[in-house]
Amino acid sequence: MQTMVRVGVDELWADDGGGPGRPVVLLHPGVGDSTIWDDVLPALLAQYRVIRYDVRGYGRSPAATTEYVLLDDLVAVLDHFGVRRAALVGCSMGGATSIDLALADPDRVAAMVLVCPGISGYPWPDEPELDAELDALAQAGDLDGLAEVGLRVWAAAGADEAARALLRGAAQAWLNEEQFQAEGPPAFDRLGDVRVPTVIMVGDVDRPALISCNEEAARRIPGAQLVRVPGGDHLLPLRHPELVTDTVLGYLAEIKPRW
């Protein structure tokens, strides 16, 4: 069931797939919208109640008109659908939001599958040339240019039409989130406080800093498992949907007695 979820003065597009099992929430990356899960969704829906949504300005969600925090919007979606506790499958930006909820309210998170997660507070190396290039394109409102840089940076496995469509859609959202998206407390130095069963997937052709971040996160989160994906870039649900699906289903089956 597709619906619009009210978040303050704004709205989010969300979909409750209504599967037969416990709730699983899919959180998309900042380099795409919830359609990145299209090839993962059917197998998950056969076993679980799968909910997904688009962050403000992405996909089918209208652009933000006021300041917001991603964690607050996730909580609003859970509350809208009456979900007290769910497994979270978060890719990149969605992984960061998943971690934020696990730290803020661990009772609401049954498990996390973090797909090449971004993690707030990680000491990302300075990239002045890339920042300047992106700033110039943003100032010019050059969405195609932003998308092409995004492909160069995040789509090492190839800029095919599916990847290009995701990045084109995301570029518009980047301008809006720069204006309205607010950051919560940094998470990286608190990863040792995570008490939620966690698996982290990372591709070996993703950005080196992101790979290092994910490797260190797997060391810091107690009991976390690390899955390396040969040939995988930052778009793992698009490039390797079967592997992502199998990892999610296998891990949720593994931790089911604790769920």
# chains A, B, ... in the order shown; residues from 1 in each chain; ligands from 1

call {"tool": "closest_atom_pairs", "arguments": {"of": "range 161-259 of chain A", "to": "range 64-88 of chain A", "cutoff": "8 Å", "atoms": "only C-alpha atoms", "output": "JSON lines"}}
result
{"residue": "A:Asn176", "atom": "CA", "partner": "A:Ala64", "partner_atom": "CA", "distance": 6.7}
{"residue": "A:Glu177", "atom": "CA", "partner": "A:Ala64", "partner_atom": "CA", "distance": 7.5}
{"residue": "A:Gln179", "atom": "CA", "partner": "A:Glu67", "partner_atom": "CA", "distance": 7.9}
{"residue": "A:Phe180", "atom": "CA", "partner": "A:Glu67", "partner_atom": "CA", "distance": 4.4}
{"residue": "A:Gln181", "atom": "CA", "partner": "A:Tyr68", "partner_atom": "CA", "distance": 5.3}
{"residue": "A:Ala182", "atom": "CA", "partner": "A:Val69", "partner_atom": "CA", "distance": 5.2}
{"residue": "A:Glu183", "atom": "CA", "partner": "A:Val69", "partner_atom": "CA", "distance": 6.2}
{"residue": "A:Gly184", "atom": "CA", "partner": "A:Val69", "partner_atom": "CA", "distance": 6.7}

call {"tool": "write_last_selection", "arguments": {"atoms": "N, CA, C and O atoms", "output": "mmCIF file, in the first residue's frame"}}
result
data_model
loop_
_atom_site.group_PDB
_atom_site.id
_atom_site.type_symbol
_atom_site.label_atom_id
_atom_site.label_comp_id
_atom_site.auth_asym_id
_atom_site.auth_seq_id
_atom_site.Cartn_x
_atom_site.Cartn_y
_atom_site.Cartn_z
ATOM 1 N N ASN A 176 18.468 20.223 -2.561
ATOM 2 C CA ASN A 176 17.474 20.472 -1.521
ATOM 3 C C ASN A 176 18.003 20.091 -0.141
ATOM 4 O O ASN A 176 17.820 20.820 0.836
ATOM 5 N N GLU A 177 18.690 18.954 -0.039
ATOM 6 C CA GLU A 177 19.159 18.527 1.280
ATOM 7 C C GLU A 177 20.287 19.419 1.788
ATOM 8 O O GLU A 177 20.451 19.593 2.997
ATOM 9 N N GLN A 179 20.260 22.474 1.658
ATOM 10 C CA GLN A 179 19.586 23.606 2.282
ATOM 11 C C GLN A 179 18.865 23.224 3.571
ATOM 12 O O GLN A 179 18.863 24.008 4.541
ATOM 13 N N PHE A 180 18.269 22.021 3.621
ATOM 14 C CA PHE A 180 17.340 21.721 4.707
ATOM 15 C C PHE A 180 17.727 20.545 5.612
ATOM 16 O O PHE A 180 17.202 20.447 6.719
ATOM 17 N N GLN A 181 18.583 19.650 5.156
ATOM 18 C CA GLN A 181 18.875 18.478 5.969
ATOM 19 C C GLN A 181 19.862 18.822 7.082
ATOM 20 O O GLN A 181 20.942 19.345 6.819
ATOM 21 N N ALA A 182 19.511 18.525 8.320
ATOM 22 C CA ALA A 182 20.355 18.801 9.480
ATOM 23 C C ALA A 182 20.967 17.494 9.972
ATOM 24 O O ALA A 182 20.374 16.421 9.835
ATOM 25 N N GLU A 183 22.144 17.582 10.553
ATOM 26 C CA GLU A 183 22.831 16.402 11.054
ATOM 27 C C GLU A 183 22.506 16.173 12.520
ATOM 28 O O GLU A 183 22.341 17.119 13.294
ATOM 29 N N GLY A 184 22.443 14.897 12.898
ATOM 30 C CA GLY A 184 22.291 14.539 14.296
ATOM 31 C C GLY A 184 23.660 14.340 14.927
ATOM 32 O O GLY A 184 24.698 14.656 14.327
#

call {"tool": "residues_around", "arguments": {"residues": "Met201 in chain A", "least_positions_apart": "6", "cutoff": "9 Å", "atoms": "only C-alpha atoms", "output": "list in words"}}
result
Val113, Leu114, Val115, Cys116, Pro117, Asn214, Gln225, Leu226, Val227, Arg228, Val229, Leu236, Val244 and Thr247 of chain A

call {"tool": "write_last_selection", "arguments": {"atoms": "N, CA and C atoms", "output": "tab-separated table (two decimals), in the first residue's frame"}}
result
chain	number	residue	atom	x	y	z
A	113	VAL	N	21.14	-4.81	8.51
A	113	VAL	CA	22.00	-5.17	7.39
A	113	VAL	C	22.41	-3.84	6.76
A	114	LEU	N	23.66	-3.49	6.92
A	114	LEU	CA	24.18	-2.21	6.47
A	114	LEU	C	24.94	-2.42	5.17
A	115	VAL	N	24.45	-1.83	4.10
A	115	VAL	CA	25.00	-2.03	2.77
A	115	VAL	C	25.84	-0.81	2.42
A	116	CYS	N	27.17	-0.99	2.39
A	116	CYS	CA	28.13	0.11	2.18
A	116	CYS	C	27.70	1.37	2.93
A	117	PRO	N	27.52	1.27	4.26
A	117	PRO	CA	26.94	2.39	5.00
A	117	PRO	C	27.86	3.59	5.09
A	214	ASN	N	33.94	1.15	6.63
A	214	ASN	CA	33.13	-0.04	6.88
A	214	ASN	C	33.92	-1.12	7.60
A	225	GLN	N	29.33	-8.76	11.55
A	225	GLN	CA	29.91	-9.56	10.48
A	225	GLN	C	30.19	-8.64	9.28
A	226	LEU	N	31.27	-8.91	8.58
A	226	LEU	CA	31.64	-8.14	7.39
A	226	LEU	C	31.59	-9.04	6.17
A	227	VAL	N	30.84	-8.61	5.15
A	227	VAL	CA	30.72	-9.35	3.89
A	227	VAL	C	31.35	-8.50	2.80
A	228	ARG	N	32.39	-9.02	2.18
A	228	ARG	CA	33.05	-8.30	1.08
A	228	ARG	C	32.46	-8.77	-0.25
A	229	VAL	N	32.24	-7.83	-1.14
A	229	VAL	CA	31.60	-8.14	-2.43
A	229	VAL	C	32.60	-7.87	-3.55
A	236	LEU	N	25.32	-1.48	-4.53
A	236	LEU	CA	25.21	-2.93	-4.40
A	236	LEU	C	23.80	-3.48	-4.61
A	244	VAL	N	22.62	-9.37	-2.21
A	244	VAL	CA	22.03	-8.57	-1.13
A	244	VAL	C	20.82	-9.29	-0.55
A	247	THR	N	21.89	-12.31	1.51
A	247	THR	CA	22.52	-11.88	2.76
A	247	THR	C	21.46	-11.45	3.76

call {"tool": "closest_residue", "arguments": {"among": "A:Ala132, A:Leu210, A:Leu175, A:Ile99", "to": "Gly57 in chain A", "atoms": "only C-alpha atoms"}}
result
A:Leu175

call {"tool": "closest_residue", "arguments": {"among": "A:Gly192, A:Pro62, A:Pro42, A:Gly30", "to": "Met4 in chain A", "atoms": "only C-alpha atoms"}}
result
A:Pro62

call {"tool": "select_by_dssp", "arguments": {"residues": "range 171-215 of chain A", "states": "strand (DSSP E)", "output": "count of residues only"}}
result
8

call {"tool": "closest_residue", "arguments": {"among": "A:Thr97, A:Ala102, A:His234, A:Leu12", "to": "Arg60 in chain A", "atoms": "only C-alpha atoms"}}
result
A:Leu12

call {"tool": "residues_around", "arguments": {"residues": "Asp16 in chain A", "least_positions_apart": "4", "cutoff": "9 Å", "atoms": "only C-alpha atoms", "output": "count of residues only"}}
result
9

call {"tool": "residues_around", "arguments": {"residues": "range 136-144 of chain A", "least_positions_apart": "2", "cutoff": "9 Å", "atoms": "only C-alpha atoms", "output": "JSON, numbers by chain"}}
result
{"A": [131, 132, 133, 134, 146, 147, 148, 149, 167, 168, 169, 171, 172, 174, 175]}

call {"tool": "closest_residue", "arguments": {"among": "A:Ile200, A:Thr35, A:Leu151, A:Tyr122", "to": "Tyr251 in chain A", "atoms": "only C-alpha atoms"}}
result
A:Ile200

call {"tool": "residues_around", "arguments": {"residues": "Ala110 in chain A", "least_positions_apart": "5", "cutoff": "10 Å", "atoms": "only C-alpha atoms", "output": "PyMOL selection string"}}
result
chain A and resi 22-24+85-88+102+195-198+252+255-256+258-259

call {"tool": "residues_around", "arguments": {"residues": "Pro208 in chain A", "least_positions_apart": "3", "cutoff": "12 Å", "atoms": "only C-alpha atoms", "output": "ChimeraX atom specification"}}
result
/A:116,124-125,153-154,156,202-205,211-215,233-234

call {"tool": "select_by_dssp", "arguments": {"residues": "range 108-259 of chain A", "states": "helix (DSSP H, G or I)", "output": "number ranges by chain"}}
result
A: 108, 128-140, 143-154, 161-180, 188-193, 208-220, 236-239, 241-258

call {"tool": "atom_distance", "arguments": {"atom1": "CA of Ser61 in chain A", "atom2": "CA of Leu41 in chain A"}}
result
19.2 Å

call {"tool": "atom_distance", "arguments": {"atom1": "CA of Ala217 in chain A", "atom2": "CA of Leu191 in chain A"}}
result
6.9 Å

call {"tool": "residues_around", "arguments": {"residues": "Arg190 in chain A", "least_positions_apart": "3", "cutoff": "12 Å", "atoms": "only C-alpha atoms", "output": "NGL selection string"}}
result
:A and (99-100 or 102-104 or 119-122 or 185-187 or 193-195 or 217 or 220-222)

call {"tool": "write_last_selection", "arguments": {"atoms": "all heavy atoms", "output": "CSV table (one decimal), in the first residue's frame"}}
result
chain,number,residue,atom,x,y,z
A,99,ILE,N,21.9,3.2,11.8
A,99,ILE,CA,22.8,3.2,12.9
A,99,ILE,C,22.4,4.3,13.9
A,99,ILE,O,22.4,4.0,15.2
A,99,ILE,CB,24.3,3.5,12.5
A,99,ILE,CG1,24.8,2.3,11.7
A,99,ILE,CG2,25.2,3.8,13.7
A,99,ILE,CD1,26.1,2.6,11.0
A,100,ASP,N,21.9,5.4,13.5
A,100,ASP,CA,21.4,6.4,14.4
A,100,ASP,C,20.3,6.0,15.2
A,100,ASP,O,20.2,6.2,16.4
A,100,ASP,CB,21.0,7.7,13.6
A,100,ASP,CG,22.2,8.4,13.0
A,100,ASP,OD1,23.4,8.2,13.4
A,100,ASP,OD2,22.0,9.3,12.1
A,102,ALA,N,19.6,2.8,15.9
A,102,ALA,CA,20.1,1.7,16.8
A,102,ALA,C,20.8,2.3,18.1
A,102,ALA,O,20.8,1.7,19.1
A,102,ALA,CB,21.1,0.8,16.1
A,103,LEU,N,21.4,3.5,17.9
A,103,LEU,CA,22.0,4.1,19.0
A,103,LEU,C,21.0,4.9,19.9
A,103,LEU,O,21.1,4.9,21.1
A,103,LEU,CB,23.1,5.1,18.5
A,103,LEU,CG,24.4,4.4,18.0
A,103,LEU,CD1,25.3,5.4,17.3
A,103,LEU,CD2,25.2,3.8,19.2
A,104,ALA,N,20.0,5.5,19.2
A,104,ALA,CA,19.1,6.4,19.9
A,104,ALA,C,18.0,5.6,20.6
A,104,ALA,O,17.6,5.9,21.7
A,104,ALA,CB,18.4,7.4,18.9
A,119,ILE,N,28.7,6.6,7.7
A,119,ILE,CA,28.6,6.7,9.1
A,119,ILE,C,29.0,8.1,9.5
A,119,ILE,O,30.1,8.5,9.3
A,119,ILE,CB,29.4,5.7,9.8
A,119,ILE,CG1,29.1,4.2,9.3
A,119,ILE,CG2,29.3,5.7,11.3
A,119,ILE,CD1,30.0,3.1,9.8
A,120,SER,N,28.1,8.8,10.2
A,120,SER,CA,28.4,10.2,10.6
A,120,SER,C,29.5,10.2,11.6
A,120,SER,O,29.6,9.3,12.4
A,120,SER,CB,27.1,10.8,11.2
A,120,SER,OG,26.7,10.1,12.4
A,121,GLY,N,30.4,11.2,11.5
A,121,GLY,CA,31.5,11.3,12.4
A,121,GLY,C,32.7,10.6,11.9
A,121,GLY,O,33.8,10.8,12.6
A,122,TYR,N,32.7,9.9,10.8
A,122,TYR,CA,33.9,9.2,10.3
A,122,TYR,C,34.8,10.3,9.8
A,122,TYR,O,34.4,11.2,9.0
A,122,TYR,CB,33.6,8.2,9.3
A,122,TYR,CG,34.8,7.5,8.7
A,122,TYR,CD1,35.5,6.6,9.4
A,122,TYR,CD2,35.3,7.9,7.4
A,122,TYR,CE1,36.7,6.0,8.9
A,122,TYR,CE2,36.4,7.3,6.8
A,122,TYR,CZ,37.1,6.4,7.6
A,122,TYR,OH,38.2,5.8,7.1
A,185,PRO,N,23.7,13.8,16.1
A,185,PRO,CA,25.0,13.6,16.8
A,185,PRO,C,25.8,12.6,16.0
A,185,PRO,O,25.3,11.6,15.5
A,185,PRO,CB,24.6,13.0,18.2
A,185,PRO,CG,23.1,13.3,18.3
A,185,PRO,CD,22.6,13.4,17.0
A,186,PRO,N,27.1,12.8,15.9
A,186,PRO,CA,28.0,11.9,15.1
A,186,PRO,C,28.0,10.5,15.8
A,186,PRO,O,28.0,10.3,17.0
A,186,PRO,CB,29.4,12.5,15.2
A,186,PRO,CG,29.3,13.5,16.3
A,186,PRO,CD,27.9,13.9,16.4
A,187,ALA,N,28.1,9.4,14.9
A,187,ALA,CA,27.9,8.1,15.4
A,187,ALA,C,29.2,7.3,15.5
A,187,ALA,O,29.3,6.3,16.2
A,187,ALA,CB,26.9,7.3,14.5
A,193,ASP,N,28.9,1.2,21.2
A,193,ASP,CA,27.6,1.1,22.0
A,193,ASP,C,26.5,0.4,21.3
A,193,ASP,O,25.4,0.2,21.9
A,193,ASP,CB,27.2,2.5,22.4
A,193,ASP,CG,28.2,3.2,23.3
A,193,ASP,OD1,28.9,2.6,24.0
A,193,ASP,OD2,28.3,4.5,23.2
A,194,VAL,N,26.7,0.1,20.0
A,194,VAL,CA,25.6,-0.6,19.3
A,194,VAL,C,25.4,-2.0,19.9
A,194,VAL,O,26.4,-2.8,20.0
A,194,VAL,CB,25.9,-0.7,17.8
A,194,VAL,CG1,24.9,-1.6,17.1
A,194,VAL,CG2,26.0,0.7,17.2
A,195,ARG,N,24.2,-2.4,20.2
A,195,ARG,CA,23.9,-3.7,20.8
A,195,ARG,C,22.9,-4.4,19.9
A,195,ARG,O,22.1,-5.3,20.4
A,195,ARG,CB,23.3,-3.5,22.2
A,195,ARG,CG,24.4,-3.0,23.2
A,195,ARG,CD,25.5,-4.0,23.4
A,195,ARG,NE,26.5,-3.5,24.3
A,195,ARG,CZ,27.6,-2.9,24.0
A,195,ARG,NH1,27.9,-2.6,22.7
A,195,ARG,NH2,28.5,-2.5,24.9
A,217,ALA,N,34.1,0.0,11.1
A,217,ALA,CA,32.8,-0.2,11.8
A,217,ALA,C,32.6,-1.6,12.2
A,217,ALA,O,32.0,-1.9,13.3
A,217,ALA,CB,31.7,0.3,10.8
A,220,ARG,N,34.3,-2.3,15.3
A,220,ARG,CA,33.9,-1.5,16.5
A,220,ARG,C,32.5,-2.0,17.0
A,220,ARG,O,32.2,-2.0,18.2
A,220,ARG,CB,33.8,0.0,16.2
A,220,ARG,CG,35.1,0.6,16.0
A,220,ARG,CD,35.0,2.1,15.9
A,220,ARG,NE,36.3,2.8,15.7
A,220,ARG,CZ,36.6,4.0,16.0
A,220,ARG,NH1,35.6,4.8,16.4
A,220,ARG,NH2,37.8,4.5,15.8
A,221,ILE,N,31.6,-2.4,16.1
A,221,ILE,CA,30.3,-2.9,16.5
A,221,ILE,C,30.4,-4.3,17.0
A,221,ILE,O,30.8,-5.2,16.3
A,221,ILE,CB,29.3,-2.8,15.3
A,221,ILE,CG1,29.1,-1.4,14.8
A,221,ILE,CG2,28.0,-3.4,15.7
A,221,ILE,CD1,28.3,-1.3,13.5
A,222,PRO,N,30.0,-4.5,18.3
A,222,PRO,CA,30.2,-5.8,18.9
A,222,PRO,C,29.5,-6.9,18.1
A,222,PRO,O,28.3,-6.8,17.8
A,222,PRO,CB,29.6,-5.7,20.3
A,222,PRO,CG,29.7,-4.2,20.6
A,222,PRO,CD,29.5,-3.5,19.3

call {"tool": "closest_residue", "arguments": {"among": "A:Arg239, A:Arg219, A:Arg6, A:Arg56", "to": "Ala162 in chain A", "atoms": "only C-alpha atoms"}}
result
A:Arg239

call {"tool": "closest_residue", "arguments": {"among": "A:Ala224, A:Gly231, A:Gly150, A:Val9", "to": "Ala63 in chain A", "atoms": "only C-alpha atoms"}}
result
A:Val9
